[in-house]
file final06.tsv (TSV, N, CA and C atoms and all ligand atoms)
chain	number	residue	atom	x	y	z
A	1	MET	N	112.23	86.77	97.08
A	1	MET	CA	111.65	86.36	95.81
A	1	MET	C	110.13	86.27	95.94
A	2	HIS	N	109.43	86.73	94.89
A	2	HIS	CA	107.97	86.67	94.85
A	2	HIS	C	107.59	85.31	94.29
A	3	VAL	N	107.14	84.43	95.12
A	3	VAL	CA	106.97	83.03	94.73
A	3	VAL	C	105.56	82.76	94.21
A	4	GLY	N	105.49	82.11	93.06
A	4	GLY	CA	104.21	81.63	92.54
A	4	GLY	C	104.28	80.13	92.40
A	5	CYS	N	104.46	79.68	91.16
A	5	CYS	CA	104.44	78.24	90.87
A	5	CYS	C	105.72	77.53	91.29
A	6	GLU	N	106.81	78.28	91.34
A	6	GLU	CA	108.13	77.74	91.67
A	6	GLU	C	108.65	76.73	90.66
A	7	HIS	N	108.11	76.69	89.45
A	7	HIS	CA	108.74	75.85	88.43
A	7	HIS	C	108.72	76.49	87.04
A	8	GLY	N	108.80	77.81	87.01
A	8	GLY	CA	109.06	78.47	85.73
A	8	GLY	C	107.86	78.68	84.83
A	9	VAL	N	106.66	78.54	85.35
A	9	VAL	CA	105.48	78.60	84.48
A	9	VAL	C	104.70	79.91	84.59
A	10	CYS	N	104.58	80.47	85.78
A	10	CYS	CA	103.61	81.56	85.97
A	10	CYS	C	104.16	82.95	85.69
A	11	GLY	N	105.45	83.14	85.83
A	11	GLY	CA	106.06	84.46	85.58
A	11	GLY	C	105.97	85.42	86.74
A	12	ALA	N	105.34	85.03	87.85
A	12	ALA	CA	105.19	85.97	88.97
A	12	ALA	C	106.52	86.38	89.59
A	13	CYS	N	107.53	85.54	89.42
A	13	CYS	CA	108.82	85.79	90.06
A	13	CYS	C	109.79	86.51	89.14
A	14	THR	N	109.31	86.99	88.00
A	14	THR	CA	110.22	87.56	86.98
A	14	THR	C	110.98	88.77	87.52
A	15	VAL	N	112.29	88.76	87.31
A	15	VAL	CA	113.14	89.90	87.63
A	15	VAL	C	113.98	90.20	86.38
A	16	LEU	N	114.73	91.27	86.44
A	16	LEU	CA	115.66	91.57	85.35
A	16	LEU	C	117.09	91.25	85.80
A	17	LEU	N	117.79	90.52	84.97
A	17	LEU	CA	119.22	90.26	85.19
A	17	LEU	C	119.95	90.97	84.06
A	18	ASP	N	120.67	92.03	84.43
A	18	ASP	CA	121.33	92.85	83.40
A	18	ASP	C	120.35	93.24	82.30
A	19	GLY	N	119.14	93.61	82.69
A	19	GLY	CA	118.16	94.13	81.74
A	19	GLY	C	117.33	93.09	81.01
A	20	ARG	N	117.63	91.80	81.20
A	20	ARG	CA	116.87	90.74	80.54
A	20	ARG	C	116.05	89.99	81.57
A	21	THR	N	114.84	89.60	81.20
A	21	THR	CA	113.97	88.92	82.17
A	21	THR	C	114.52	87.54	82.53
A	22	ALA	N	114.31	87.18	83.78
A	22	ALA	CA	114.69	85.85	84.26
A	22	ALA	C	113.66	85.41	85.29
A	23	ARG	N	113.36	84.12	85.28
A	23	ARG	CA	112.50	83.53	86.30
A	23	ARG	C	113.35	83.34	87.55
A	24	SER	N	113.12	84.13	88.57
A	24	SER	CA	114.01	84.02	89.73
A	24	SER	C	113.86	82.67	90.43
A	25	CYS	N	112.68	82.01	90.26
A	25	CYS	CA	112.51	80.70	90.92
A	25	CYS	C	113.40	79.63	90.30
A	26	CYS	N	113.83	79.88	89.08
A	26	CYS	CA	114.65	78.88	88.37
A	26	CYS	C	116.08	79.37	88.18
A	27	THR	N	116.47	80.41	88.87
A	27	THR	CA	117.80	80.99	88.70
A	27	THR	C	118.63	80.73	89.94
A	28	LEU	N	119.76	80.14	89.74
A	28	LEU	CA	120.66	79.90	90.87
A	28	LEU	C	121.39	81.19	91.21
A	29	ALA	N	121.72	81.34	92.48
A	29	ALA	CA	122.44	82.54	92.91
A	29	ALA	C	123.73	82.71	92.11
A	30	VAL	N	124.39	81.61	91.80
A	30	VAL	CA	125.66	81.70	91.08
A	30	VAL	C	125.45	82.25	89.66
A	31	GLN	N	124.25	82.01	89.08
A	31	GLN	CA	123.96	82.54	87.75
A	31	GLN	C	123.78	84.06	87.79
A	32	ALA	N	123.41	84.58	88.93
A	32	ALA	CA	123.19	86.02	89.07
A	32	ALA	C	124.43	86.73	89.62
A	33	ASP	N	125.46	85.98	89.87
A	33	ASP	CA	126.67	86.56	90.46
A	33	ASP	C	127.21	87.68	89.57
A	34	GLY	N	127.33	88.86	90.11
A	34	GLY	CA	127.89	90.00	89.38
A	34	GLY	C	126.90	90.72	88.49
A	35	ALA	N	125.68	90.22	88.37
A	35	ALA	CA	124.68	90.84	87.49
A	35	ALA	C	123.96	91.96	88.23
A	36	GLU	N	123.47	92.93	87.42
A	36	GLU	CA	122.60	93.94	88.01
A	36	GLU	C	121.19	93.38	88.02
A	37	ILE	N	120.56	93.37	89.19
A	37	ILE	CA	119.24	92.76	89.32
A	37	ILE	C	118.19	93.84	89.47
A	38	GLY	N	117.17	93.78	88.61
A	38	GLY	CA	116.06	94.75	88.68
A	38	GLY	C	114.81	94.07	89.21
A	39	THR	N	114.19	94.69	90.20
A	39	THR	CA	112.93	94.17	90.74
A	39	THR	C	111.94	95.32	90.79
A	40	VAL	N	110.69	94.98	91.07
A	40	VAL	CA	109.65	95.99	91.11
A	40	VAL	C	109.96	97.08	92.16
A	41	GLU	N	110.68	96.69	93.19
A	41	GLU	CA	110.98	97.66	94.26
A	41	GLU	C	111.84	98.80	93.74
A	42	GLY	N	112.55	98.57	92.64
A	42	GLY	CA	113.45	99.60	92.13
A	42	GLY	C	112.81	100.53	91.10
A	43	LEU	N	111.52	100.33	90.81
A	43	LEU	CA	110.90	101.13	89.75
A	43	LEU	C	110.61	102.57	90.17
A	44	ALA	N	110.01	102.76	91.31
A	44	ALA	CA	109.64	104.10	91.75
A	44	ALA	C	110.88	104.90	92.13
A	45	ALA	N	110.79	106.22	91.94
A	45	ALA	CA	111.87	107.10	92.38
A	45	ALA	C	111.39	107.77	93.66
A	46	GLY	N	111.74	107.20	94.78
A	46	GLY	CA	111.23	107.71	96.06
A	46	GLY	C	109.72	107.54	96.10
A	47	SER	N	109.01	108.65	96.30
A	47	SER	CA	107.55	108.57	96.36
A	47	SER	C	106.90	108.74	94.98
A	48	ARG	N	107.74	108.94	93.95
A	48	ARG	CA	107.20	109.15	92.60
A	48	ARG	C	107.16	107.82	91.86
A	49	LEU	N	105.93	107.39	91.50
A	49	LEU	CA	105.78	106.12	90.82
A	49	LEU	C	106.37	106.21	89.41
A	50	HIS	N	106.86	105.08	88.92
A	50	HIS	CA	107.33	104.95	87.55
A	50	HIS	C	106.11	105.06	86.62
A	51	PRO	N	106.28	105.61	85.40
A	51	PRO	CA	105.14	105.72	84.48
A	51	PRO	C	104.39	104.40	84.27
A	52	LEU	N	105.10	103.29	84.33
A	52	LEU	CA	104.42	101.99	84.21
A	52	LEU	C	103.47	101.76	85.39
A	53	GLN	N	103.95	102.08	86.57
A	53	GLN	CA	103.11	101.90	87.76
A	53	GLN	C	101.92	102.85	87.72
A	54	GLU	N	102.18	104.09	87.28
A	54	GLU	CA	101.09	105.08	87.16
A	54	GLU	C	100.02	104.56	86.20
A	55	ALA	N	100.47	104.01	85.06
A	55	ALA	CA	99.52	103.55	84.05
A	55	ALA	C	98.73	102.35	84.55
A	56	PHE	N	99.39	101.43	85.26
A	56	PHE	CA	98.65	100.28	85.80
A	56	PHE	C	97.63	100.74	86.83
A	57	TRP	N	97.98	101.74	87.58
A	57	TRP	CA	97.05	102.29	88.57
A	57	TRP	C	95.87	102.94	87.85
A	58	ALA	N	96.17	103.80	86.88
A	58	ALA	CA	95.12	104.56	86.20
A	58	ALA	C	94.17	103.65	85.42
A	59	HIS	N	94.70	102.56	84.86
A	59	HIS	CA	93.88	101.69	84.00
A	59	HIS	C	93.40	100.43	84.72
A	60	HIS	N	93.57	100.36	86.02
A	60	HIS	CA	93.16	99.17	86.78
A	60	HIS	C	93.80	97.92	86.18
A	61	GLY	N	95.10	98.00	85.94
A	61	GLY	CA	95.81	96.89	85.33
A	61	GLY	C	96.13	95.77	86.30
A	62	LEU	N	95.51	95.80	87.46
A	62	LEU	CA	95.68	94.71	88.41
A	62	LEU	C	94.44	94.60	89.28
A	63	GLN	N	94.26	93.40	89.81
A	63	GLN	CA	93.19	93.21	90.79
A	63	GLN	C	93.83	92.71	92.09
A	64	CYS	N	94.17	91.42	92.17
A	64	CYS	CA	94.83	90.98	93.40
A	64	CYS	C	96.28	91.44	93.47
A	65	GLY	N	96.89	91.68	92.30
A	65	GLY	CA	98.26	92.19	92.26
A	65	GLY	C	99.33	91.13	92.33
A	66	PHE	N	98.94	89.87	92.40
A	66	PHE	CA	99.96	88.83	92.57
A	66	PHE	C	100.89	88.74	91.37
A	67	CYS	N	100.33	88.89	90.19
A	67	CYS	CA	101.14	88.78	88.96
A	67	CYS	C	101.91	90.05	88.66
A	68	THR	N	101.54	91.16	89.29
A	68	THR	CA	101.96	92.48	88.84
A	68	THR	C	103.47	92.71	88.87
A	69	PRO	N	104.20	92.33	89.92
A	69	PRO	CA	105.65	92.59	89.89
A	69	PRO	C	106.32	91.93	88.69
A	70	GLY	N	105.97	90.70	88.41
A	70	GLY	CA	106.57	90.01	87.27
A	70	GLY	C	106.15	90.64	85.95
A	71	ILE	N	104.90	91.04	85.86
A	71	ILE	CA	104.44	91.68	84.62
A	71	ILE	C	105.18	93.00	84.41
A	72	LEU	N	105.34	93.78	85.44
A	72	LEU	CA	106.03	95.07	85.27
A	72	LEU	C	107.48	94.86	84.82
A	73	MET	N	108.13	93.84	85.33
A	73	MET	CA	109.50	93.56	84.89
A	73	MET	C	109.53	93.10	83.44
A	74	THR	N	108.57	92.26	83.08
A	74	THR	CA	108.49	91.79	81.69
A	74	THR	C	108.24	92.96	80.74
A	75	VAL	N	107.38	93.88	81.16
A	75	VAL	CA	107.08	95.04	80.31
A	75	VAL	C	108.29	95.96	80.20
A	76	GLN	N	109.07	96.05	81.25
A	76	GLN	CA	110.30	96.85	81.18
A	76	GLN	C	111.18	96.36	80.03
A	77	GLU	N	111.38	95.07	79.97
A	77	GLU	CA	112.21	94.50	78.89
A	77	GLU	C	111.52	94.70	77.55
A	78	MET	N	110.21	94.46	77.51
A	78	MET	CA	109.46	94.58	76.25
A	78	MET	C	109.60	95.98	75.67
A	79	LEU	N	109.43	97.01	76.50
A	79	LEU	CA	109.47	98.38	75.99
A	79	LEU	C	110.90	98.84	75.69
A	80	ALA	N	111.87	98.23	76.34
A	80	ALA	CA	113.26	98.54	75.98
A	80	ALA	C	113.55	98.03	74.57
A	81	ASP	N	112.99	96.87	74.24
A	81	ASP	CA	113.21	96.28	72.92
A	81	ASP	C	112.32	96.90	71.85
A	82	ASN	N	111.12	97.28	72.25
A	82	ASN	CA	110.12	97.78	71.29
A	82	ASN	C	109.29	98.87	71.98
A	83	PRO	N	109.69	100.13	71.81
A	83	PRO	CA	109.04	101.23	72.55
A	83	PRO	C	107.60	101.51	72.12
A	84	ASP	N	107.18	100.94	70.98
A	84	ASP	CA	105.83	101.24	70.50
A	84	ASP	C	105.13	99.95	70.06
A	85	PRO	N	104.85	99.07	71.00
A	85	PRO	CA	104.27	97.77	70.62
A	85	PRO	C	102.79	97.89	70.29
A	86	THR	N	102.35	97.03	69.36
A	86	THR	CA	100.92	96.91	69.10
A	86	THR	C	100.27	96.12	70.25
A	87	ASP	N	98.94	96.15	70.29
A	87	ASP	CA	98.25	95.37	71.32
A	87	ASP	C	98.62	93.89	71.19
A	88	GLU	N	98.71	93.41	69.96
A	88	GLU	CA	99.05	92.01	69.75
A	88	GLU	C	100.46	91.71	70.28
A	89	GLU	N	101.38	92.64	70.03
A	89	GLU	CA	102.75	92.43	70.53
A	89	GLU	C	102.79	92.48	72.05
A	90	ILE	N	101.96	93.33	72.65
A	90	ILE	CA	101.91	93.39	74.12
A	90	ILE	C	101.40	92.05	74.66
A	91	ARG	N	100.33	91.53	74.05
A	91	ARG	CA	99.79	90.25	74.51
A	91	ARG	C	100.80	89.12	74.32
A	92	GLU	N	101.48	89.14	73.19
A	92	GLU	CA	102.51	88.12	72.93
A	92	GLU	C	103.63	88.24	73.97
A	93	GLY	N	104.04	89.47	74.24
A	93	GLY	CA	105.12	89.69	75.20
A	93	GLY	C	104.76	89.26	76.60
A	94	LEU	N	103.46	89.26	76.91
A	94	LEU	CA	103.02	88.88	78.25
A	94	LEU	C	102.55	87.43	78.32
A	95	SER	N	102.79	86.69	77.25
A	95	SER	CA	102.24	85.33	77.20
A	95	SER	C	102.89	84.40	78.25
A	96	GLY	N	104.02	84.80	78.79
A	96	GLY	CA	104.65	83.98	79.83
A	96	GLY	C	104.33	84.43	81.23
A	97	ASN	N	103.40	85.38	81.35
A	97	ASN	CA	103.01	85.88	82.68
A	97	ASN	C	101.53	85.60	82.87
A	98	ILE	N	101.22	84.73	83.80
A	98	ILE	CA	99.83	84.34	84.00
A	98	ILE	C	99.15	85.29	84.98
A	99	CYS	N	98.02	85.85	84.53
A	99	CYS	CA	97.16	86.65	85.41
A	99	CYS	C	95.81	85.96	85.44
A	100	ARG	N	95.37	85.58	86.61
A	100	ARG	CA	94.11	84.85	86.71
A	100	ARG	C	92.95	85.79	87.02
A	101	CYS	N	93.22	87.10	87.15
A	101	CYS	CA	92.16	88.02	87.56
A	101	CYS	C	91.63	88.91	86.43
A	102	THR	N	92.52	89.52	85.67
A	102	THR	CA	92.11	90.71	84.91
A	102	THR	C	91.54	90.44	83.53
A	103	GLY	N	91.86	89.30	82.94
A	103	GLY	CA	91.50	89.11	81.54
A	103	GLY	C	92.42	89.85	80.59
A	104	TYR	N	93.40	90.52	81.12
A	104	TYR	CA	94.50	91.15	80.38
A	104	TYR	C	94.16	92.48	79.67
A	105	GLN	N	92.89	92.75	79.37
A	105	GLN	CA	92.61	93.95	78.57
A	105	GLN	C	93.12	95.22	79.25
A	106	PHE	N	92.86	95.35	80.56
A	106	PHE	CA	93.31	96.57	81.24
A	106	PHE	C	94.84	96.61	81.34
A	107	ILE	N	95.46	95.45	81.40
A	107	ILE	CA	96.93	95.41	81.39
A	107	ILE	C	97.45	95.93	80.06
A	108	VAL	N	96.83	95.47	78.97
A	108	VAL	CA	97.25	95.93	77.64
A	108	VAL	C	97.05	97.44	77.53
A	109	ASP	N	95.92	97.92	78.01
A	109	ASP	CA	95.66	99.37	77.98
A	109	ASP	C	96.74	100.13	78.75
A	110	ALA	N	97.11	99.61	79.91
A	110	ALA	CA	98.11	100.27	80.75
A	110	ALA	C	99.48	100.27	80.06
A	111	VAL	N	99.84	99.15	79.46
A	111	VAL	CA	101.14	99.08	78.79
A	111	VAL	C	101.19	100.05	77.61
A	112	ARG	N	100.08	100.11	76.86
A	112	ARG	CA	100.04	101.03	75.71
A	112	ARG	C	100.24	102.46	76.18
A	113	GLU	N	99.55	102.84	77.28
A	113	GLU	CA	99.69	104.22	77.75
A	113	GLU	C	101.10	104.47	78.31
A	114	ALA	N	101.61	103.52	79.07
A	114	ALA	CA	102.96	103.70	79.62
A	114	ALA	C	103.98	103.86	78.49
A	115	ALA	N	103.80	103.07	77.44
A	115	ALA	CA	104.73	103.16	76.30
A	115	ALA	C	104.69	104.57	75.71
A	116	ALA	N	103.48	105.13	75.58
A	116	ALA	CA	103.36	106.48	75.01
A	116	ALA	C	104.02	107.52	75.93
A	117	VAL	N	103.81	107.37	77.23
A	117	VAL	CA	104.41	108.32	78.18
A	117	VAL	C	105.94	108.23	78.13
A	118	LEU	N	106.45	107.01	78.08
A	118	LEU	CA	107.90	106.83	78.06
A	118	LEU	C	108.50	107.34	76.76
A	119	ARG	N	107.78	107.16	75.65
A	119	ARG	CA	108.28	107.71	74.38
A	119	ARG	C	108.32	109.23	74.44
A	120	ALA	N	107.27	109.83	75.00
A	120	ALA	CA	107.23	111.30	75.12
A	120	ALA	C	108.34	111.79	76.04
A	121	ASP	N	108.59	111.06	77.13
A	121	ASP	CA	109.68	111.43	78.05
A	121	ASP	C	111.02	111.43	77.31
A	122	ARG	N	111.22	110.39	76.51
A	122	ARG	CA	112.49	110.26	75.80
A	122	ARG	C	112.68	111.36	74.78
A	123	ALA	N	111.55	111.85	74.23
A	123	ALA	CA	111.63	112.87	73.18
A	123	ALA	C	112.03	114.24	73.76
A	124	HIS	N	111.92	114.39	75.09
A	124	HIS	CA	112.24	115.69	75.70
A	124	HIS	C	113.64	115.73	76.27
B	1	LIG	S1	107.26	81.34	90.59
B	1	LIG	FE1	106.20	80.84	88.74
B	1	LIG	S2	107.70	81.15	87.20
B	1	LIG	FE2	108.77	81.44	89.06
B	2	LIG	S1	95.87	90.69	89.21
B	2	LIG	FE1	95.50	88.80	90.22
B	2	LIG	S2	96.77	87.41	89.17
B	2	LIG	FE2	96.91	89.21	88.01
call {"tool": "encode", "arguments": {"input": "final06.tsv", "output": "structure tokens"}}
result
Amino acid sequence: MHVGCEHGVCGACTVLLDGRTARSCCTLAVQADGAEIGTVEGLAAGSRLHPLQEAFWAHHGLQCGFCTPGILMTVQEMLADNPDPTDEEIREGLSGNICRCTGYQFIVDAVREAAAVLRADRAH
């Protein structure tokens, strides 16, 4: 587990449980029993980065990177629910993930681009 605050506030530990975000620091093993668990380690396909990772790289969507695994998982859920979010919706969707480095603008830029890439992928 990627540990931050350990009491459900920072979002750094966010994983997907059956496609929905969960704070792993506040989740008991028994609650995850039988669930499919998604973590940042599962995003890339071998050496090929996921479009979200590519976009964060291209737009400098991270500095220290501590918040990044949780943010990427949160964005996975966000884009599954809303493939074309506005900047305001992206900021709202990330309101439970604290980043103390970036000021969020580059993260928003990265999410917007990743959303466009994923929409184009789906169209083909
Ligand atoms: S470690 Fe901060 S929310 Fe889990
Ligand atoms: S990049 Fe450092 S906390 Fe977000």
call {"tool": "select_by_dssp", "arguments": {"input": "final06.tsv", "residues": "region 13-113 of chain A", "states": "alpha helix (DSSP H)", "output": "ChimeraX atom specification"}}
result
/A:51-58,68-81,87-93,105-113
call {"tool": "closest_atom_pairs", "arguments": {"input": "final06.tsv", "of": "chain A", "to": "ligand LIG 1 (chain B)", "cutoff": "10 Å", "atoms": "only C-alpha atoms and all ligand atoms", "output": "JSON lines"}}
result
{"residue": "A:Met1", "atom": "CA", "partner": "B:LIG1", "partner_atom": "S1", "distance": 8.5}
{"residue": "A:His2", "atom": "CA", "partner": "B:LIG1", "partner_atom": "S1", "distance": 6.9}
{"residue": "A:Val3", "atom": "CA", "partner": "B:LIG1", "partner_atom": "S1", "distance": 4.5}
{"residue": "A:Gly4", "atom": "CA", "partner": "B:LIG1", "partner_atom": "S1", "distance": 3.6}
{"residue": "A:Cys5", "atom": "CA", "partner": "B:LIG1", "partner_atom": "FE1", "distance": 3.8}
{"residue": "A:Glu6", "atom": "CA", "partner": "B:LIG1", "partner_atom": "S1", "distance": 3.9}
{"residue": "A:His7", "atom": "CA", "partner": "B:LIG1", "partner_atom": "S2", "distance": 5.5}
{"residue": "A:Gly8", "atom": "CA", "partner": "B:LIG1", "partner_atom": "S2", "distance": 3.3}
{"residue": "A:Val9", "atom": "CA", "partner": "B:LIG1", "partner_atom": "S2", "distance": 4.3}
{"residue": "A:Cys10", "atom": "CA", "partner": "B:LIG1", "partner_atom": "FE1", "distance": 3.9}
{"residue": "A:Gly11", "atom": "CA", "partner": "B:LIG1", "partner_atom": "S2", "distance": 4.0}
{"residue": "A:Ala12", "atom": "CA", "partner": "B:LIG1", "partner_atom": "FE1", "distance": 5.2}
{"residue": "A:Cys13", "atom": "CA", "partner": "B:LIG1", "partner_atom": "FE2", "distance": 4.5}
{"residue": "A:Thr14", "atom": "CA", "partner": "B:LIG1", "partner_atom": "FE2", "distance": 6.6}
{"residue": "A:Val15", "atom": "CA", "partner": "B:LIG1", "partner_atom": "FE2", "distance": 9.6}
{"residue": "A:Ala22", "atom": "CA", "partner": "B:LIG1", "partner_atom": "FE2", "distance": 8.8}
{"residue": "A:Arg23", "atom": "CA", "partner": "B:LIG1", "partner_atom": "FE2", "distance": 5.1}
{"residue": "A:Ser24", "atom": "CA", "partner": "B:LIG1", "partner_atom": "FE2", "distance": 5.9}
{"residue": "A:Cys25", "atom": "CA", "partner": "B:LIG1", "partner_atom": "FE2", "distance": 4.2}
{"residue": "A:Cys26", "atom": "CA", "partner": "B:LIG1", "partner_atom": "FE2", "distance": 6.5}
{"residue": "A:Thr27", "atom": "CA", "partner": "B:LIG1", "partner_atom": "FE2", "distance": 9.0}
{"residue": "A:Cys67", "atom": "CA", "partner": "B:LIG1", "partner_atom": "FE1", "distance": 9.4}
{"residue": "A:Gly70", "atom": "CA", "partner": "B:LIG1", "partner_atom": "S2", "distance": 8.9}
{"residue": "A:Gly96", "atom": "CA", "partner": "B:LIG1", "partner_atom": "S2", "distance": 8.5}
{"residue": "A:Asn97", "atom": "CA", "partner": "B:LIG1", "partner_atom": "S2", "distance": 8.0}
{"residue": "A:Ile98", "atom": "CA", "partner": "B:LIG1", "partner_atom": "FE1", "distance": 8.7}
call {"tool": "residues_near_ligand", "arguments": {"input": "final06.tsv", "ligand": "ligand LIG 2 (chain B)", "cutoff": "8 Å", "atoms": "all atoms listed in the file", "output": "PyMOL selection string"}}
result
chain A and resi 61-68+97-104
call {"tool": "write_last_selection", "arguments": {"input": "final06.tsv", "atoms": "N, CA and C atoms", "output": "short mmCIF file (atom, residue, chain, number, x, y, z; two decimals), in the frame of the given file"}}
result
data_model
loop_
_atom_site.label_atom_id
_atom_site.label_comp_id
_atom_site.auth_asym_id
_atom_site.auth_seq_id
_atom_site.Cartn_x
_atom_site.Cartn_y
_atom_site.Cartn_z
N GLY A 61 95.10 98.00 85.94
CA GLY A 61 95.81 96.89 85.33
C GLY A 61 96.13 95.77 86.30
N LEU A 62 95.51 95.80 87.46
CA LEU A 62 95.68 94.71 88.41
C LEU A 62 94.44 94.60 89.28
N GLN A 63 94.26 93.40 89.81
CA GLN A 63 93.19 93.21 90.79
C GLN A 63 93.83 92.71 92.09
N CYS A 64 94.17 91.42 92.17
CA CYS A 64 94.83 90.98 93.40
C CYS A 64 96.28 91.44 93.47
N GLY A 65 96.89 91.68 92.30
CA GLY A 65 98.26 92.19 92.26
C GLY A 65 99.33 91.13 92.33
N PHE A 66 98.94 89.87 92.40
CA PHE A 66 99.96 88.83 92.57
C PHE A 66 100.89 88.74 91.37
N CYS A 67 100.33 88.89 90.19
CA CYS A 67 101.14 88.78 88.96
C CYS A 67 101.91 90.05 88.66
N THR A 68 101.54 91.16 89.29
CA THR A 68 101.96 92.48 88.84
C THR A 68 103.47 92.71 88.87
N ASN A 97 103.40 85.38 81.35
CA ASN A 97 103.01 85.88 82.68
C ASN A 97 101.53 85.60 82.87
N ILE A 98 101.22 84.73 83.80
CA ILE A 98 99.83 84.34 84.00
C ILE A 98 99.15 85.29 84.98
N CYS A 99 98.02 85.85 84.53
CA CYS A 99 97.16 86.65 85.41
C CYS A 99 95.81 85.96 85.44
N ARG A 100 95.37 85.58 86.61
CA ARG A 100 94.11 84.85 86.71
C ARG A 100 92.95 85.79 87.02
N CYS A 101 93.22 87.10 87.15
CA CYS A 101 92.16 88.02 87.56
C CYS A 101 91.63 88.91 86.43
N THR A 102 92.52 89.52 85.67
CA THR A 102 92.11 90.71 84.91
C THR A 102 91.54 90.44 83.53
N GLY A 103 91.86 89.30 82.94
CA GLY A 103 91.50 89.11 81.54
C GLY A 103 92.42 89.85 80.59
N TYR A 104 93.40 90.52 81.12
CA TYR A 104 94.50 91.15 80.38
C TYR A 104 94.16 92.48 79.67
#
call {"tool": "atom_distance", "arguments": {"input": "final06.tsv", "atom1": "atom C of Asp18 (chain A)", "atom2": "atom N of Met78 (chain A)"}}
result
11.3 Å
call {"tool": "closest_residue", "arguments": {"input": "final06.tsv", "among": "A:Thr86, A:Gln53, A:Leu72, A:Gly93", "to": "Thr39 (chain A)", "atoms": "all atoms listed in the file"}}
result
A:Leu72
call {"tool": "closest_residue", "arguments": {"input": "final06.tsv", "among": "A:Glu113, A:Asp84, A:Glu77, A:Glu89", "to": "Leu16 (chain A)", "atoms": "all atoms listed in the file"}}
result
A:Glu77
call {"tool": "closest_residue", "arguments": {"input": "final06.tsv", "among": "A:Val30, A:Val40, A:Ala45, A:Leu94", "to": "Pro69 (chain A)", "atoms": "only N, CA and C atoms"}}
result
A:Val40
call {"tool": "atom_distance", "arguments": {"input": "final06.tsv", "atom1": "atom N of His59 (chain A)", "atom2": "atom N of Leu79 (chain A)"}}
result
17.8 Å
call {"tool": "atom_distance", "arguments": {"input": "final06.tsv", "atom1": "CA of Glu88 (chain A)", "atom2": "CA of Gln105 (chain A)"}}
result
11.1 Å
call {"tool": "select_by_dssp", "arguments": {"input": "final06.tsv", "residues": "chain A", "states": "strand (DSSP E or B)", "output": "PyMOL selection string"}}
result
chain A and resi 14-17+20-23+37-38+45+48
call {"tool": "write_last_selection", "arguments": {"input": "final06.tsv", "atoms": "N, CA and C atoms", "output": "mmCIF file, in the frame of the given file"}}
result
data_model
loop_
_atom_site.group_PDB
_atom_site.id
_atom_site.type_symbol
_atom_site.label_atom_id
_atom_site.label_comp_id
_atom_site.auth_asym_id
_atom_site.auth_seq_id
_atom_site.Cartn_x
_atom_site.Cartn_y
_atom_site.Cartn_z
ATOM 1 N N THR A 14 109.310 86.990 88.000
ATOM 2 C CA THR A 14 110.220 87.560 86.980
ATOM 3 C C THR A 14 110.980 88.770 87.520
ATOM 4 N N VAL A 15 112.290 88.760 87.310
ATOM 5 C CA VAL A 15 113.140 89.900 87.630
ATOM 6 C C VAL A 15 113.980 90.200 86.380
ATOM 7 N N LEU A 16 114.730 91.270 86.440
ATOM 8 C CA LEU A 16 115.660 91.570 85.350
ATOM 9 C C LEU A 16 117.090 91.250 85.800
ATOM 10 N N LEU A 17 117.790 90.520 84.970
ATOM 11 C CA LEU A 17 119.220 90.260 85.190
ATOM 12 C C LEU A 17 119.950 90.970 84.060
ATOM 13 N N ARG A 20 117.630 91.800 81.200
ATOM 14 C CA ARG A 20 116.870 90.740 80.540
ATOM 15 C C ARG A 20 116.050 89.990 81.570
ATOM 16 N N THR A 21 114.840 89.600 81.200
ATOM 17 C CA THR A 21 113.970 88.920 82.170
ATOM 18 C C THR A 21 114.520 87.540 82.530
ATOM 19 N N ALA A 22 114.310 87.180 83.780
ATOM 20 C CA ALA A 22 114.690 85.850 84.260
ATOM 21 C C ALA A 22 113.660 85.410 85.290
ATOM 22 N N ARG A 23 113.360 84.120 85.280
ATOM 23 C CA ARG A 23 112.500 83.530 86.300
ATOM 24 C C ARG A 23 113.350 83.340 87.550
ATOM 25 N N ILE A 37 120.560 93.370 89.190
ATOM 26 C CA ILE A 37 119.240 92.760 89.320
ATOM 27 C C ILE A 37 118.190 93.840 89.470
ATOM 28 N N GLY A 38 117.170 93.780 88.610
ATOM 29 C CA GLY A 38 116.060 94.750 88.680
ATOM 30 C C GLY A 38 114.810 94.070 89.210
ATOM 31 N N ALA A 45 110.790 106.220 91.940
ATOM 32 C CA ALA A 45 111.870 107.100 92.380
ATOM 33 C C ALA A 45 111.390 107.770 93.660
ATOM 34 N N ARG A 48 107.740 108.940 93.950
ATOM 35 C CA ARG A 48 107.200 109.150 92.600
ATOM 36 C C ARG A 48 107.160 107.820 91.860
#
call {"tool": "residues_around", "arguments": {"input": "final06.tsv", "residues": "Gly19 (chain A)", "least_positions_apart": "4", "cutoff": "8 Å", "atoms": "only N, CA and C atoms", "output": "list of chain:residue names"}}
result
A:Val15, A:Ala35, A:Glu36, A:Ile37, A:Gly38, A:Gln76, A:Glu77
call {"tool": "residues_around", "arguments": {"input": "final06.tsv", "residues": "Ala58 (chain A)", "least_positions_apart": "4", "cutoff": "10 Å", "atoms": "only C-alpha atoms", "output": "ChimeraX atom specification"}}
result
/A:52-54,106,109-110,113
call {"tool": "write_last_selection", "arguments": {"input": "final06.tsv", "atoms": "N, CA and C atoms", "output": "compact mmCIF listing (two decimals), in the coordinates of the input"}}
result
# COMPACT_ATOMS: atom_id res chain seq x y z
N LEU A 52 105.10 103.29 84.33
CA LEU A 52 104.42 101.99 84.21
C LEU A 52 103.47 101.76 85.39
N GLN A 53 103.95 102.08 86.57
CA GLN A 53 103.11 101.90 87.76
C GLN A 53 101.92 102.85 87.72
N GLU A 54 102.18 104.09 87.28
CA GLU A 54 101.09 105.08 87.16
C GLU A 54 100.02 104.56 86.20
N PHE A 106 92.86 95.35 80.56
CA PHE A 106 93.31 96.57 81.24
C PHE A 106 94.84 96.61 81.34
N ASP A 109 95.92 97.92 78.01
CA ASP A 109 95.66 99.37 77.98
C ASP A 109 96.74 100.13 78.75
N ALA A 110 97.11 99.61 79.91
CA ALA A 110 98.11 100.27 80.75
C ALA A 110 99.48 100.27 80.06
N GLU A 113 99.55 102.84 77.28
CA GLU A 113 99.69 104.22 77.75
C GLU A 113 101.10 104.47 78.31
